[in-house]
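J.: Submitted below is the structure of interest, expressed as structure tokens.
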Amino acid sequence: MRIKSPKDFWAGLMFIAFGMTAMVIALMNYQFGTAVRMGPGYFPTVLGGILVALGVFVLFESLVIEGPKIADFHLRPLLLITVGLLAYGYLMQPLGLMLSTALMVFISAVGGHEFKWKEVTVLSVVLITFSVLVFVKGLTLPFPIWPAFME
Amino acid sequence: MEILDNLLLGFSVAISPINLLYCLIGVLLGTLIGVLPGVGPLATIAMLLPITFNLNPVAALIMLAGIYYGAQYGGSTTAILVNIPGESSSVVTCLDGYQMARQGRAGPALAVAALSSFFAGCVATLLIAFAAPPLAEVALKFGPAEYFSLMVLGLVAAVVLAHGSLIKAIGMVILGLLMGLAGTDVNSGVLRFTFDVPELSDGIGFVVVAMGMFGTAEIVANLEHKGTREVFTGKVKHLFPTKDDLKRSWAPVLRGTALGSFLGILPGGGALLSSFAAYTVEKKISKHPEQFGKGAIEGVAAPEAANNAGAQTSFIPMLTLGIPGNGVMALMIGALMIQGIAPGPQVMTEKPELFWGLIASMWVGNLLLVVLNLPMIGIWIKLLTVPYRLLYPAILVFMAVGVFSLSNNAFDVLIMAIFGILGYVCIKLECEPAPMILGFILGPLMEENLRRAMLLARGDATVFFTKPISAGFMFAAILLLVLIALPAMRKKREEAFVEG
């Protein structure tokens with residue numbers, strides 16, 4: 001057995017995984033009900049079933065019909081952008097808007113092709129100033145500006 | 001003439017100083033993000049959603065609408081001058097617009113793009129004014145069966161119009177529907193797919209999903225290639241098109257407007273689809289198809305008219321039925337709900353100043369765009385020289401602020417990051433995110449209407465085919481699916497996307 005179309009193969013698997021999960025969770029935990037009085041499990045079970053069926057179809061097709069390879073995954077930008085966002089979200093309360101913005105800008109900038117200390121520093125200063133003036137002062141979003149230990 | 005009175009009311013609302021100001025802010029912001037590749041109207045509107053909480057509903061909607069159609073104007077500037085679509089809906093404008101710029105005719109290309117957009121905007125505004133009231137009247141008679149069938153038709157249309165594999169697009173719709181169900185079930189109060197996470201009891205926020213799938217995933221995808229841009233800055237001289245340009249443009253503009261207006265109304269339609277379709281049609285019926293791709297002005301005029309018309313008429317199903325045809329309209333509904341207004345056919349009668357004010361503001365906004373944009377092109381060009389490595393951290397900051405401010409909670413940022421990863425995987429596996437987003441929006445609505453319809457019909461599923469309006473939608477959906485499944489049509493569809 002050879003995978004002829006890797007994109008479809010993995011897409012099929014993804015559909016099956018999501019569909020199965022939905023079906024199993026719905027069948028085990030939520031009341032199914034009847035067609036007249038649908039329980040909370042009815043719609044998700046049906047949808048999950050359809051998704052599994054579609055997944056199996058795509059998977060089967062990928063073994064028969066030739067398709068293009070999957071382009072390379074670029075883990076570096078994906079990882080750094082994700083980490084940057086999470087740093088911003090989870091460090092907002094302890095560190096405040098200024099530091100968490102700077103952190104996110106630096107982390108995500110490392111994910112690009114070129115990283116220039118000077119440029120990124122200027123960029124983060126500009127973005128911090130903008131955030132404080134527009135979002136906190138102008139639009140009165142309730143973000144802490146300074147780190148919690150300095151308040 | 002009732003419609004005249006209504007339009008008069010609309011204009012009196014739209015040109016009040018405060019609304020005019022928000023209209024101006026909206027269209028300028030729209031042009032700005034339209035010019036910048038990688039920032040779309042969806043992410044921008046999502047970012048601004050929490051802010052509109054402090055505005056009055058009319059001003060909020062006028063501004064958000066301005067961003068959407070303003071982006072169509074801005075997107076063409078980048079397409080013509082840099083050969084990168086500033087907006088996904090101006091992808092086809094690159095083909096001939098950029099060639100015109102290389103031949104030193106960037107000015108006429110920009111002018112024709114702006115003027116055809118303006119013309120299409122005017123027509124679409126009138127169309128909404130005339131088509132919306134009767135549609136809303138019909139919609140008042142809709143029961144749950146009709147709503148369910150209409151949504152089925154919308155989802156089928158979204159699938160047919162997506163790129164690539166049909167089956168995968170259907171899979172993405174279903175996946176979206178499932179994800180939309182997460183949260184508290186309104187009928188039974190049961191928590192579904194929340195995995196004991198309290199933050200999930202209200203479901204996954206649409207804004208968060210859209211920002212992840214379109215925003216973060218796109219940034220990562222953009223960072224893959226080291227692109228350098230060649231900007232035709234010095235070449236924008238004489239703006240005005242020649243007589244010959246105008247003569248060649250008017251018919252494509254008319255056809256593009258008609259096509260765009262029609263496709264915009266369809267659920268799942270909107271600016272993107274309209275521009276692709278218009279380009280394909282022009283190339284098919286042109287006497288000189290060989291000129292396309294080499295700087296044919298028709299290839300700029302028709303898609304630019306179509307995308308603006310489509311962007312505007314996609315407001316029709318949202319305003320009259322309360323059903324969002326695309327992601328931007330889903331955000332508009334979100335904006336209405338933030339203001340405590342339930343979207344649906346009753347908005348027109350209960351809030352005439354909102355309804356007609358919004359429509360009139362679209363015409364005003366289009367006028368502002370033409371008057372302001374042509375002289376301001378120099379500024380937009382300057383913006384284009386900002387490299388992406390400076391742009392994407394800024395976009396991230398805006399997205400993070402927008403998402404974090406939804407509930408002042410890091411959890412939403414986490415969900416956005418997760419959907420960013422899922423979105424990136426989907427790009428790699430050629431699974432289109434757009435059908436998934438539509439499914440996500442419609443998931444809870446569909447389930448609710450399905451339940452009610454079945455309850456009313458005592459479990460008889462044939463109800464969807466025995467009620468005339470509902471049956472009409474269902475047959476249209478089946479017809480679309482059958483047509484697309486036929487081998488001959490399937491080939492045509494693939495060709496259309498390849499050509500586009």
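Note on naming: chains are A, B, ... as they come in the structure tokens, residues start from 1 per chain, ligands start from 1 in the order shown.
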For a quick test of understanding: name the residues of chain A lying within 6 Å of chain B when counting only C-alpha atoms, and present them as an MDAnalysis selection string.
T.: chainID A and resid 7 35:36 51 77:78 82 89:90 105
J.: If you count only C-alpha atoms, which residues fall within 12 Å of Gly96 of chain A, apart from same-chain ones fewer than 3 positions away, as a ChimeraX atom specification?
T.: /A:87-93,99-103,128,131-132,136,142-151
J.: What lies within 6 Å of segment 17-33 of chain B using only C-alpha atoms, ignoring chain neighbours under 5 positions off, as number ranges by chain?
T.: B: 39, 59, 62-63, 66-67, 70-71, 74
J.: List as a ChimeraX atom specification the protein and nucleic acid residues near Ile441 of chain B, meaning an atom at most 7 Å away when only C-alpha atoms are counted, but skip any in the same chain fewer than 2 places from it.
T.: /B:180,330,437-439,443
J.: Counting only C-alpha atoms, which of A:Pro6, A:Thr129, A:Val24, A:Leu13 gets nearest to Ala71 of chain A?
T.: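 Closest residue, counting only C-alpha atoms: A:Pro6.
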J.: Give the helix (DSSP H, G or I) residues of segment 106-138 of chain A, as DSSP finds them on the backbone, and put them as a PyMOL selection string.
T.: chain A and resi 106-110+117-138
J.: Please provide the set of residues having any atom within 8 Å of segment 315-325 of chain B, restricted to only C-alpha atoms, with same-chain residues fewer than 6 positions apart removed, written as JSON, numbers by chain.
T.: {"B": [128, 131, 132, 133, 135, 136, 139, 154, 265, 266, 267, 268, 269, 270, 333, 343, 344, 345, 346, 347, 348, 355, 438, 441]}
J.: Save out the residues we just selected, N, CA and C atoms, as a PDB file, in the first residue's frame.
T.:
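again07.pdb was written with the following content:
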```
ATOM      1  N   ILE B 128     -29.529  47.351  -3.141  1.00  0.00           N
ATOM      2  CA  ILE B 128     -29.884  47.001  -1.761  1.00  0.00           C
ATOM      3  C   ILE B 128     -31.162  47.729  -1.364  1.00  0.00           C
ATOM      4  N   ALA B 131     -34.037  45.941  -3.290  1.00  0.00           N
ATOM      5  CA  ALA B 131     -34.248  44.506  -3.096  1.00  0.00           C
ATOM      6  C   ALA B 131     -34.488  44.144  -1.635  1.00  0.00           C
ATOM      7  N   ALA B 132     -33.903  44.921  -0.729  1.00  0.00           N
ATOM      8  CA  ALA B 132     -33.969  44.512   0.673  1.00  0.00           C
ATOM      9  C   ALA B 132     -35.386  44.514   1.249  1.00  0.00           C
ATOM     10  N   PRO B 133     -36.176  45.581   1.039  1.00  0.00           N
ATOM     11  CA  PRO B 133     -37.506  45.575   1.676  1.00  0.00           C
ATOM     12  C   PRO B 133     -38.402  44.400   1.283  1.00  0.00           C
ATOM     13  N   LEU B 135     -37.510  41.521   0.165  1.00  0.00           N
ATOM     14  CA  LEU B 135     -36.906  40.295   0.697  1.00  0.00           C
ATOM     15  C   LEU B 135     -37.188  40.136   2.187  1.00  0.00           C
ATOM     16  N   ALA B 136     -37.090  41.263   2.892  1.00  0.00           N
ATOM     17  CA  ALA B 136     -37.340  41.201   4.333  1.00  0.00           C
ATOM     18  C   ALA B 136     -38.785  40.805   4.599  1.00  0.00           C
ATOM     19  N   ALA B 139     -39.030  37.245   4.159  1.00  0.00           N
ATOM     20  CA  ALA B 139     -38.309  36.572   5.240  1.00  0.00           C
ATOM     21  C   ALA B 139     -39.122  36.513   6.524  1.00  0.00           C
ATOM     22  N   GLY B 154     -26.833  27.755   1.402  1.00  0.00           N
ATOM     23  CA  GLY B 154     -25.665  28.617   1.584  1.00  0.00           C
ATOM     24  C   GLY B 154     -24.389  27.817   1.741  1.00  0.00           C
ATOM     25  N   ILE B 265     -24.951  38.366  -3.271  1.00  0.00           N
ATOM     26  CA  ILE B 265     -26.145  38.019  -2.508  1.00  0.00           C
ATOM     27  C   ILE B 265     -26.100  36.567  -2.041  1.00  0.00           C
ATOM     28  N   LEU B 266     -25.524  35.691  -2.866  1.00  0.00           N
ATOM     29  CA  LEU B 266     -25.467  34.276  -2.518  1.00  0.00           C
ATOM     30  C   LEU B 266     -24.721  34.080  -1.215  1.00  0.00           C
ATOM     31  N   PRO B 267     -25.258  33.225  -0.363  1.00  0.00           N
ATOM     32  CA  PRO B 267     -24.493  32.914   0.841  1.00  0.00           C
ATOM     33  C   PRO B 267     -23.174  32.255   0.433  1.00  0.00           C
ATOM     34  N   GLY B 268     -22.118  32.624   1.086  1.00  0.00           N
ATOM     35  CA  GLY B 268     -20.823  32.080   0.715  1.00  0.00           C
ATOM     36  C   GLY B 268     -20.148  32.905  -0.372  1.00  0.00           C
ATOM     37  N   GLY B 269     -20.889  33.850  -0.911  1.00  0.00           N
ATOM     38  CA  GLY B 269     -20.310  34.693  -1.948  1.00  0.00           C
ATOM     39  C   GLY B 269     -19.675  35.925  -1.340  1.00  0.00           C
ATOM     40  N   GLY B 270     -19.523  36.936  -2.154  1.00  0.00           N
ATOM     41  CA  GLY B 270     -18.895  38.157  -1.671  1.00  0.00           C
ATOM     42  C   GLY B 270     -17.864  38.631  -2.669  1.00  0.00           C
ATOM     43  N   ILE B 333     -22.922  40.965  12.222  1.00  0.00           N
ATOM     44  CA  ILE B 333     -23.970  40.462  13.098  1.00  0.00           C
ATOM     45  C   ILE B 333     -23.500  40.514  14.539  1.00  0.00           C
ATOM     46  N   PRO B 343     -30.351  40.562  14.898  1.00  0.00           N
ATOM     47  CA  PRO B 343     -30.386  40.683  13.445  1.00  0.00           C
ATOM     48  C   PRO B 343     -31.525  39.862  12.854  1.00  0.00           C
ATOM     49  N   GLY B 344     -32.097  40.342  11.764  1.00  0.00           N
ATOM     50  CA  GLY B 344     -33.189  39.613  11.133  1.00  0.00           C
ATOM     51  C   GLY B 344     -34.079  40.584  10.385  1.00  0.00           C
ATOM     52  N   PRO B 345     -35.142  40.061   9.796  1.00  0.00           N
ATOM     53  CA  PRO B 345     -35.984  40.920   8.960  1.00  0.00           C
ATOM     54  C   PRO B 345     -36.649  42.065   9.728  1.00  0.00           C
ATOM     55  N   GLN B 346     -36.736  41.947  11.048  1.00  0.00           N
ATOM     56  CA  GLN B 346     -37.426  42.996  11.797  1.00  0.00           C
ATOM     57  C   GLN B 346     -36.577  44.255  11.977  1.00  0.00           C
ATOM     58  N   VAL B 347     -35.271  44.166  11.687  1.00  0.00           N
ATOM     59  CA  VAL B 347     -34.401  45.334  11.883  1.00  0.00           C
ATOM     60  C   VAL B 347     -34.890  46.514  11.039  1.00  0.00           C
ATOM     61  N   MET B 348     -35.329  46.194   9.813  1.00  0.00           N
ATOM     62  CA  MET B 348     -35.713  47.264   8.892  1.00  0.00           C
ATOM     63  C   MET B 348     -36.903  48.065   9.408  1.00  0.00           C
ATOM     64  N   PHE B 355     -30.997  50.887   9.386  1.00  0.00           N
ATOM     65  CA  PHE B 355     -31.024  50.182   8.111  1.00  0.00           C
ATOM     66  C   PHE B 355     -30.736  51.125   6.949  1.00  0.00           C
ATOM     67  N   LEU B 438     -17.627  29.545   7.643  1.00  0.00           N
ATOM     68  CA  LEU B 438     -19.066  29.689   7.397  1.00  0.00           C
ATOM     69  C   LEU B 438     -19.848  28.643   8.191  1.00  0.00           C
ATOM     70  N   ILE B 441     -20.012  29.608  11.832  1.00  0.00           N
ATOM     71  CA  ILE B 441     -20.998  30.650  12.125  1.00  0.00           C
ATOM     72  C   ILE B 441     -22.402  30.063  12.153  1.00  0.00           C
TER      73      ILE B 441
END
```
J.: Could you find all residues in segment 101-335 of chain B that DSSP calls strand (DSSP E) from the backbone, and write them as an MDAnalysis selection string?
T.: chainID B and resid 183:184 191:192
J.: Would you mind exporting the chosen residues as a PDB file, in the first residue's frame, restricted to all heavy atoms?
T.:
```pdb
ATOM      1  N   GLY B 183     -19.870  24.545  23.612  1.00  0.00           N
ATOM      2  CA  GLY B 183     -20.473  25.499  24.541  1.00  0.00           C
ATOM      3  C   GLY B 183     -21.771  24.965  25.110  1.00  0.00           C
ATOM      4  O   GLY B 183     -22.069  23.775  24.999  1.00  0.00           O
ATOM      5  N   THR B 184     -22.553  25.860  25.706  1.00  0.00           N
ATOM      6  CA  THR B 184     -23.798  25.434  26.328  1.00  0.00           C
ATOM      7  C   THR B 184     -24.886  25.250  25.275  1.00  0.00           C
ATOM      8  O   THR B 184     -25.122  26.138  24.471  1.00  0.00           O
ATOM      9  CB  THR B 184     -24.273  26.478  27.346  1.00  0.00           C
ATOM     10  OG1 THR B 184     -23.173  26.816  28.180  1.00  0.00           O
ATOM     11  CG2 THR B 184     -25.414  25.952  28.195  1.00  0.00           C
ATOM     12  N   LEU B 191     -23.556  21.229  28.743  1.00  0.00           N
ATOM     13  CA  LEU B 191     -22.287  21.739  28.225  1.00  0.00           C
ATOM     14  C   LEU B 191     -21.720  20.724  27.245  1.00  0.00           C
ATOM     15  O   LEU B 191     -21.522  19.565  27.596  1.00  0.00           O
ATOM     16  CB  LEU B 191     -21.295  21.957  29.360  1.00  0.00           C
ATOM     17  CG  LEU B 191     -21.621  23.076  30.337  1.00  0.00           C
ATOM     18  CD1 LEU B 191     -20.644  23.047  31.497  1.00  0.00           C
ATOM     19  CD2 LEU B 191     -21.571  24.417  29.632  1.00  0.00           C
ATOM     20  N   ARG B 192     -21.476  21.172  25.997  1.00  0.00           N
ATOM     21  CA  ARG B 192     -20.956  20.230  25.009  1.00  0.00           C
ATOM     22  C   ARG B 192     -19.542  20.595  24.596  1.00  0.00           C
ATOM     23  O   ARG B 192     -19.251  21.765  24.357  1.00  0.00           O
ATOM     24  CB  ARG B 192     -21.857  20.235  23.774  1.00  0.00           C
ATOM     25  CG  ARG B 192     -23.228  19.656  24.069  1.00  0.00           C
ATOM     26  CD  ARG B 192     -24.015  19.457  22.826  1.00  0.00           C
ATOM     27  NE  ARG B 192     -24.364  20.735  22.202  1.00  0.00           N
ATOM     28  CZ  ARG B 192     -25.175  20.820  21.167  1.00  0.00           C
ATOM     29  NH1 ARG B 192     -25.662  19.743  20.627  1.00  0.00           N
ATOM     30  NH2 ARG B 192     -25.471  21.992  20.664  1.00  0.00           N
TER      31      ARG B 192
END
```
J.: What gap, in Å, lies between atom CA of Val370 of chain B and atom CA of Gly310 of chain B?
T.: 17.9 Å
J.: I'd like the neighbourhood of Ala278 of chain B as a ChimeraX atom specification, where a residue qualifies if any of its atoms comes within 12 Å (using only C-alpha atoms), though same-chain residues fewer than 3 positions away should be ignored.
T.: /B:89-90,92-93,251-263,271-275,281-286,298-310,496,499-500
J.: Between B:Ser470, B:Asp5, B:Gly75, B:Glu146, which is the closest to Gly97 of chain B once you count only C-alpha atoms?
T.: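 Comparing B:Ser470, B:Asp5, B:Gly75, B:Glu146 against Gly97 of chain B, the winner is B:Gly75.
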J.: Near segment 15-19 of chain A, within 8 Å and counting only C-alpha atoms, which residues show up once chain neighbours fewer than 2 positions away are dropped, as a list in words?
T.: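 Everything that qualifies: Ala11, Gly12, Leu13, Thr21, Ala22, Met23, Leu47, Gly48, Gly49, Ile50, Leu51, Val52, Ala53, Leu54, Gly55 and Val56 of chain A; Gly171 and Leu175 of chain B.
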